[in-house]
file start_18.cif (mmCIF, C-alpha atoms)
data_upload
#
loop_
_atom_site.group_PDB
_atom_site.id
_atom_site.type_symbol
_atom_site.label_atom_id
_atom_site.label_comp_id
_atom_site.auth_asym_id
_atom_site.auth_seq_id
_atom_site.Cartn_x
_atom_site.Cartn_y
_atom_site.Cartn_z
ATOM 1 C CA MET A 630 -9.748 19.571 22.709
ATOM 2 C CA SER A 631 -8.667 16.807 20.401
ATOM 3 C CA SER A 632 -8.871 17.211 16.661
ATOM 4 C CA ARG A 633 -10.797 14.929 14.338
ATOM 5 C CA ARG A 634 -7.444 14.225 12.680
ATOM 6 C CA GLU A 635 -6.302 12.554 15.901
ATOM 7 C CA ILE A 636 -9.017 9.916 15.418
ATOM 8 C CA LEU A 637 -7.650 9.180 11.945
ATOM 9 C CA ASP A 638 -4.120 8.937 13.333
ATOM 10 C CA LEU A 639 -5.252 6.502 16.028
ATOM 11 C CA LEU A 640 -7.091 4.316 13.496
ATOM 12 C CA ARG A 641 -4.007 4.252 11.264
ATOM 13 C CA GLU A 642 -1.959 3.221 14.299
ATOM 14 C CA ASN A 643 -4.415 0.435 15.162
ATOM 15 C CA ALA A 644 -7.619 -0.082 13.183
ATOM 16 C CA ARG A 645 -8.843 -2.454 15.892
ATOM 17 C CA TYR A 646 -9.225 0.321 18.461
ATOM 18 C CA THR A 647 -12.809 0.418 19.677
ATOM 19 C CA THR A 648 -14.765 3.653 19.952
ATOM 20 C CA GLU A 649 -14.289 3.264 23.704
ATOM 21 C CA ASP A 650 -10.489 3.051 23.257
ATOM 22 C CA ILE A 651 -10.426 6.133 21.027
ATOM 23 C CA ALA A 652 -12.657 8.097 23.402
ATOM 24 C CA ARG A 653 -10.299 7.269 26.261
ATOM 25 C CA LEU A 654 -7.313 8.497 24.200
ATOM 26 C CA THR A 655 -9.005 11.723 23.059
ATOM 27 C CA ASP A 656 -11.285 14.399 24.482
ATOM 28 C CA TYR A 657 -14.325 12.978 22.644
ATOM 29 C CA SER A 658 -17.118 10.869 24.083
ATOM 30 C CA GLU A 659 -17.653 7.361 22.743
ATOM 31 C CA SER A 660 -20.777 8.465 20.842
ATOM 32 C CA GLU A 661 -18.899 11.426 19.308
ATOM 33 C CA VAL A 662 -16.124 9.074 18.166
ATOM 34 C CA ALA A 663 -18.663 6.719 16.562
ATOM 35 C CA GLU A 664 -20.361 9.655 14.817
ATOM 36 C CA ILE A 665 -17.058 11.072 13.527
ATOM 37 C CA ILE A 666 -15.940 7.660 12.218
ATOM 38 C CA ASP A 667 -19.311 7.237 10.475
ATOM 39 C CA GLU A 668 -18.877 10.674 8.885
ATOM 40 C CA PHE A 669 -15.361 9.755 7.723
ATOM 41 C CA GLU A 670 -16.642 6.501 6.191
ATOM 42 C CA ASP A 671 -19.639 8.186 4.515
ATOM 43 C CA ALA A 672 -17.410 10.923 3.051
ATOM 44 C CA GLY A 673 -14.923 8.369 1.692
ATOM 45 C CA ILE A 674 -12.134 9.631 3.927
ATOM 46 C CA ILE A 675 -11.844 6.170 5.492
ATOM 47 C CA ARG A 676 -11.858 3.760 2.556
ATOM 48 C CA GLY A 677 -11.442 0.515 4.484
ATOM 49 C CA TYR A 678 -9.546 -1.337 7.172
ATOM 50 C CA GLN A 679 -6.707 -3.749 6.439
ATOM 51 C CA ALA A 680 -4.335 -6.015 8.296
ATOM 52 C CA VAL A 681 -0.610 -5.498 7.770
ATOM 53 C CA VAL A 682 0.719 -8.965 6.897
ATOM 54 C CA ASP A 683 4.326 -10.086 7.011
ATOM 55 C CA TRP A 684 4.067 -12.632 4.176
ATOM 56 C CA ASN A 685 7.547 -13.988 4.958
ATOM 57 C CA ALA A 686 6.283 -15.092 8.377
ATOM 58 C CA VAL A 687 3.311 -16.994 6.927
ATOM 59 C CA GLU A 688 4.064 -20.704 6.835
ATOM 60 C CA SER A 689 2.751 -21.843 3.491
ATOM 61 C CA ASP A 690 3.812 -23.625 0.348
ATOM 62 C CA GLU A 691 2.215 -20.863 -1.679
ATOM 63 C CA GLU A 692 4.593 -18.228 -2.968
ATOM 64 C CA ARG A 693 3.419 -14.606 -2.964
ATOM 65 C CA VAL A 694 5.430 -12.271 -5.170
ATOM 66 C CA ARG A 695 5.232 -8.499 -5.010
ATOM 67 C CA ALA A 696 6.845 -5.957 -7.270
ATOM 68 C CA THR A 697 7.071 -2.224 -7.687
ATOM 69 C CA VAL A 698 6.893 -1.073 -11.284
ATOM 70 C CA GLU A 699 7.979 2.314 -12.617
ATOM 71 C CA LEU A 700 5.788 3.460 -15.506
ATOM 72 C CA ASN A 701 6.565 6.216 -17.980
ATOM 73 C CA VAL A 702 3.713 7.527 -20.092
ATOM 74 C CA THR A 703 3.167 9.917 -22.963
ATOM 75 C CA LEU A 704 -0.054 11.895 -22.904
ATOM 76 C CA ASP A 705 -1.983 13.177 -25.893
ATOM 77 C CA ARG A 706 -4.761 15.783 -26.092
ATOM 78 C CA GLU A 707 -7.505 13.246 -25.383
ATOM 79 C CA THR A 708 -5.775 11.236 -22.630
ATOM 80 C CA SER A 709 -5.043 12.368 -19.077
ATOM 81 C CA TYR A 710 -3.219 10.741 -16.163
ATOM 82 C CA ASP A 711 -6.630 9.984 -14.659
ATOM 83 C CA ASP A 712 -7.668 8.114 -17.825
ATOM 84 C CA ILE A 713 -4.565 5.942 -17.657
ATOM 85 C CA SER A 714 -4.902 5.342 -13.912
ATOM 86 C CA ASP A 715 -8.554 4.293 -14.359
ATOM 87 C CA ARG A 716 -7.478 1.592 -16.813
ATOM 88 C CA ILE A 717 -4.613 0.300 -14.682
ATOM 89 C CA ALA A 718 -6.386 0.378 -11.293
ATOM 90 C CA LYS A 719 -9.097 -2.023 -12.513
ATOM 91 C CA PHE A 720 -6.706 -4.994 -12.614
ATOM 92 C CA PRO A 721 -6.945 -7.192 -9.491
ATOM 93 C CA GLU A 722 -3.147 -7.713 -9.528
ATOM 94 C CA VAL A 723 -2.667 -3.980 -8.854
ATOM 95 C CA THR A 724 -2.433 -3.294 -5.122
ATOM 96 C CA SER A 725 -1.333 0.336 -5.317
ATOM 97 C CA LEU A 726 -1.012 3.008 -7.999
ATOM 98 C CA ARG A 727 0.394 6.501 -7.516
ATOM 99 C CA LEU A 728 1.213 9.434 -9.780
ATOM 100 C CA VAL A 729 4.679 10.585 -8.711
ATOM 101 C CA SER A 730 7.204 13.278 -9.499
ATOM 102 C CA GLY A 731 10.701 12.471 -10.703
ATOM 103 C CA ASP A 732 12.153 10.213 -13.370
ATOM 104 C CA TYR A 733 8.937 8.282 -14.028
ATOM 105 C CA ASP A 734 5.211 9.033 -13.924
ATOM 106 C CA PHE A 735 3.434 6.223 -12.068
ATOM 107 C CA ASP A 736 4.517 4.011 -9.192
ATOM 108 C CA LEU A 737 2.643 0.712 -9.489
ATOM 109 C CA GLU A 738 2.606 -2.132 -6.962
ATOM 110 C CA VAL A 739 1.451 -5.556 -8.090
ATOM 111 C CA GLU A 740 1.074 -9.015 -6.545
ATOM 112 C CA GLY A 741 1.036 -12.471 -8.067
ATOM 113 C CA ASP A 742 1.575 -16.117 -7.247
ATOM 114 C CA SER A 743 4.958 -16.265 -8.995
ATOM 115 C CA MET A 744 7.567 -14.099 -10.707
ATOM 116 C CA ARG A 745 6.338 -15.523 -14.002
ATOM 117 C CA GLU A 746 2.763 -14.418 -13.262
ATOM 118 C CA VAL A 747 3.879 -10.893 -12.343
ATOM 119 C CA SER A 748 6.134 -10.685 -15.423
ATOM 120 C CA HIS A 749 3.340 -11.846 -17.722
ATOM 121 C CA PHE A 750 0.920 -9.402 -16.168
ATOM 122 C CA ILE A 751 3.301 -6.497 -16.799
ATOM 123 C CA SER A 752 4.203 -7.585 -20.338
ATOM 124 C CA ASP A 753 0.703 -8.690 -21.413
ATOM 125 C CA LYS A 754 -1.581 -6.190 -19.650
ATOM 126 C CA ILE A 755 0.378 -3.079 -18.645
ATOM 127 C CA ALA A 756 3.092 -2.584 -21.280
ATOM 128 C CA PRO A 757 0.651 -2.810 -24.239
ATOM 129 C CA ILE A 758 -1.365 0.202 -23.007
ATOM 130 C CA PRO A 759 -0.667 2.696 -25.827
ATOM 131 C CA GLU A 760 0.335 5.614 -23.574
ATOM 132 C CA ILE A 761 2.879 3.575 -21.589
ATOM 133 C CA THR A 762 6.330 4.067 -23.062
ATOM 134 C CA GLN A 763 8.487 2.232 -20.502
ATOM 135 C CA THR A 764 8.200 -0.146 -17.548
ATOM 136 C CA VAL A 765 10.887 -0.971 -14.993
ATOM 137 C CA THR A 766 10.024 -3.798 -12.594
ATOM 138 C CA HIS A 767 11.614 -4.176 -9.156
ATOM 139 C CA TYR A 768 10.772 -7.411 -7.328
ATOM 140 C CA ILE A 769 10.428 -7.021 -3.578
ATOM 141 C CA MET A 770 12.866 -9.409 -1.953
ATOM 142 C CA GLU A 771 12.276 -8.556 1.731
ATOM 143 C CA SER A 772 9.990 -6.147 3.575
ATOM 144 C CA TYR A 773 11.272 -4.454 6.696
ATOM 145 C CA LYS A 774 8.390 -2.026 7.199
ATOM 146 C CA GLU A 775 4.878 -1.831 5.726
ATOM 147 C CA GLN A 776 2.248 0.846 6.368
ATOM 148 C CA GLY A 777 4.183 2.150 9.368
ATOM 149 C CA MET A 778 4.589 -1.305 10.925
ATOM 150 C CA GLU A 779 8.167 -2.514 11.360
ATOM 151 C CA PHE A 780 8.930 -6.192 10.904
ATOM 152 C CA ASP A 781 11.679 -6.588 13.475
ATOM 153 C CA ASP A 782 11.934 -10.371 13.561
ATOM 154 C CA HIS A 783 14.967 -10.507 11.294
ATOM 155 C CA ASP A 784 18.012 -12.487 12.292
ATOM 156 C CA ASP A 785 20.099 -10.718 14.873
ATOM 157 C CA ASP A 786 23.744 -10.155 14.137
ATOM 158 C CA ASP A 787 25.390 -12.931 16.104
ATOM 159 C CA ARG A 788 28.964 -11.969 15.250
ATOM 160 C CA LEU A 789 31.330 -11.494 18.145
ATOM 161 C CA SER A 790 32.628 -8.017 18.692
ATOM 162 C CA VAL A 791 36.349 -7.598 18.366
ATOM 163 C CA SER A 792 38.220 -5.176 20.554
ATOM 164 C CA PRO A 793 41.895 -4.317 20.524
#
call {"tool": "encode", "arguments": {"input": "start_18.cif", "output": "structure tokens"}}
result
Amino acid sequence: MSSRREILDLLRENARYTTEDIARLTDYSESEVAEIIDEFEDAGIIRGYQAVVDWNAVESDEERVRATVELNVTLDRETSYDDISDRIAKFPEVTSLRLVSGDYDFDLEVEGDSMREVSHFISDKIAPIPEITQTVTHYIMESYKEQGMEFDDHDDDDRLSVSP
């Protein structure tokens, strides 16, 4: 018998699968699939459904800038990581926020209409938070894979091979 986890895996693969599609790919009936998905949504396991967009392929005059920002913080007795994350996550520019191990504490992803907008957001809204001791911003120049989806429409290598 299929596991309930398999339904989650299938939805992550393609959120547009219908309950009929998922039932066909698992050992569940269509009504069981619908019930399980409802349970996942009610429990907050499934938080939403999103399209994976290759912004470089969108023909538009509007620039969309994304950046990953490393944040270092210093905690005191009254402030926890959750307190800091609650403050940061409220900003609409923040698309992702993770507590990580390693050389820095938080991995923050932000979006804006220009590099200037992203820079001002970091310097005016994030850096002034008292517990944040350092920010390092990395602008995303090109995306090759997002949320498990590979963007394979990059220019092929058209160089001629040379053989002896």
call {"tool": "closest_residue", "arguments": {"input": "start_18.cif", "among": "A:Lys774, A:Ala644, A:Arg633, A:Pro759", "to": "Asp705 (chain A)", "atoms": "only C-alpha atoms"}}
result
A:Pro759
call {"tool": "residues_around", "arguments": {"input": "start_18.cif", "residues": "Gly731 (chain A)", "least_positions_apart": "2", "cutoff": "12 Å", "atoms": "all atoms listed in the file", "output": "PyMOL selection string"}}
result
chain A and resi 699-701+728-729+733-736
call {"tool": "closest_residue", "arguments": {"input": "start_18.cif", "among": "A:Thr764, A:Ser660, A:Asn643, A:Ser752", "to": "Val681 (chain A)", "atoms": "only C-alpha atoms"}}
result
A:Asn643
call {"tool": "closest_residue", "arguments": {"input": "start_18.cif", "among": "A:Ala696, A:Ala686, A:Ser743, A:Asp753", "to": "Leu726 (chain A)", "atoms": "only C-alpha atoms"}}
result
A:Ala696
call {"tool": "closest_residue", "arguments": {"input": "start_18.cif", "among": "A:Arg634, A:Gly673, A:Asp683, A:Ser725", "to": "Asp781 (chain A)", "atoms": "only C-alpha atoms"}}
result
A:Asp683
call {"tool": "residues_around", "arguments": {"input": "start_18.cif", "residues": "Ile675 (chain A)", "least_positions_apart": "4", "cutoff": "10 Å", "atoms": "all atoms listed in the file", "output": "mmCIF file with C-alpha atoms, in the coordinates of the input"}}
result
data_model
loop_
_atom_site.group_PDB
_atom_site.id
_atom_site.type_symbol
_atom_site.label_atom_id
_atom_site.label_comp_id
_atom_site.auth_asym_id
_atom_site.auth_seq_id
_atom_site.Cartn_x
_atom_site.Cartn_y
_atom_site.Cartn_z
ATOM 1 C CA LEU A 637 -7.650 9.180 11.945
ATOM 2 C CA LEU A 640 -7.091 4.316 13.496
ATOM 3 C CA ARG A 641 -4.007 4.252 11.264
ATOM 4 C CA ILE A 666 -15.940 7.660 12.218
ATOM 5 C CA ASP A 667 -19.311 7.237 10.475
ATOM 6 C CA GLU A 668 -18.877 10.674 8.885
ATOM 7 C CA PHE A 669 -15.361 9.755 7.723
ATOM 8 C CA GLU A 670 -16.642 6.501 6.191
ATOM 9 C CA ASP A 671 -19.639 8.186 4.515
#
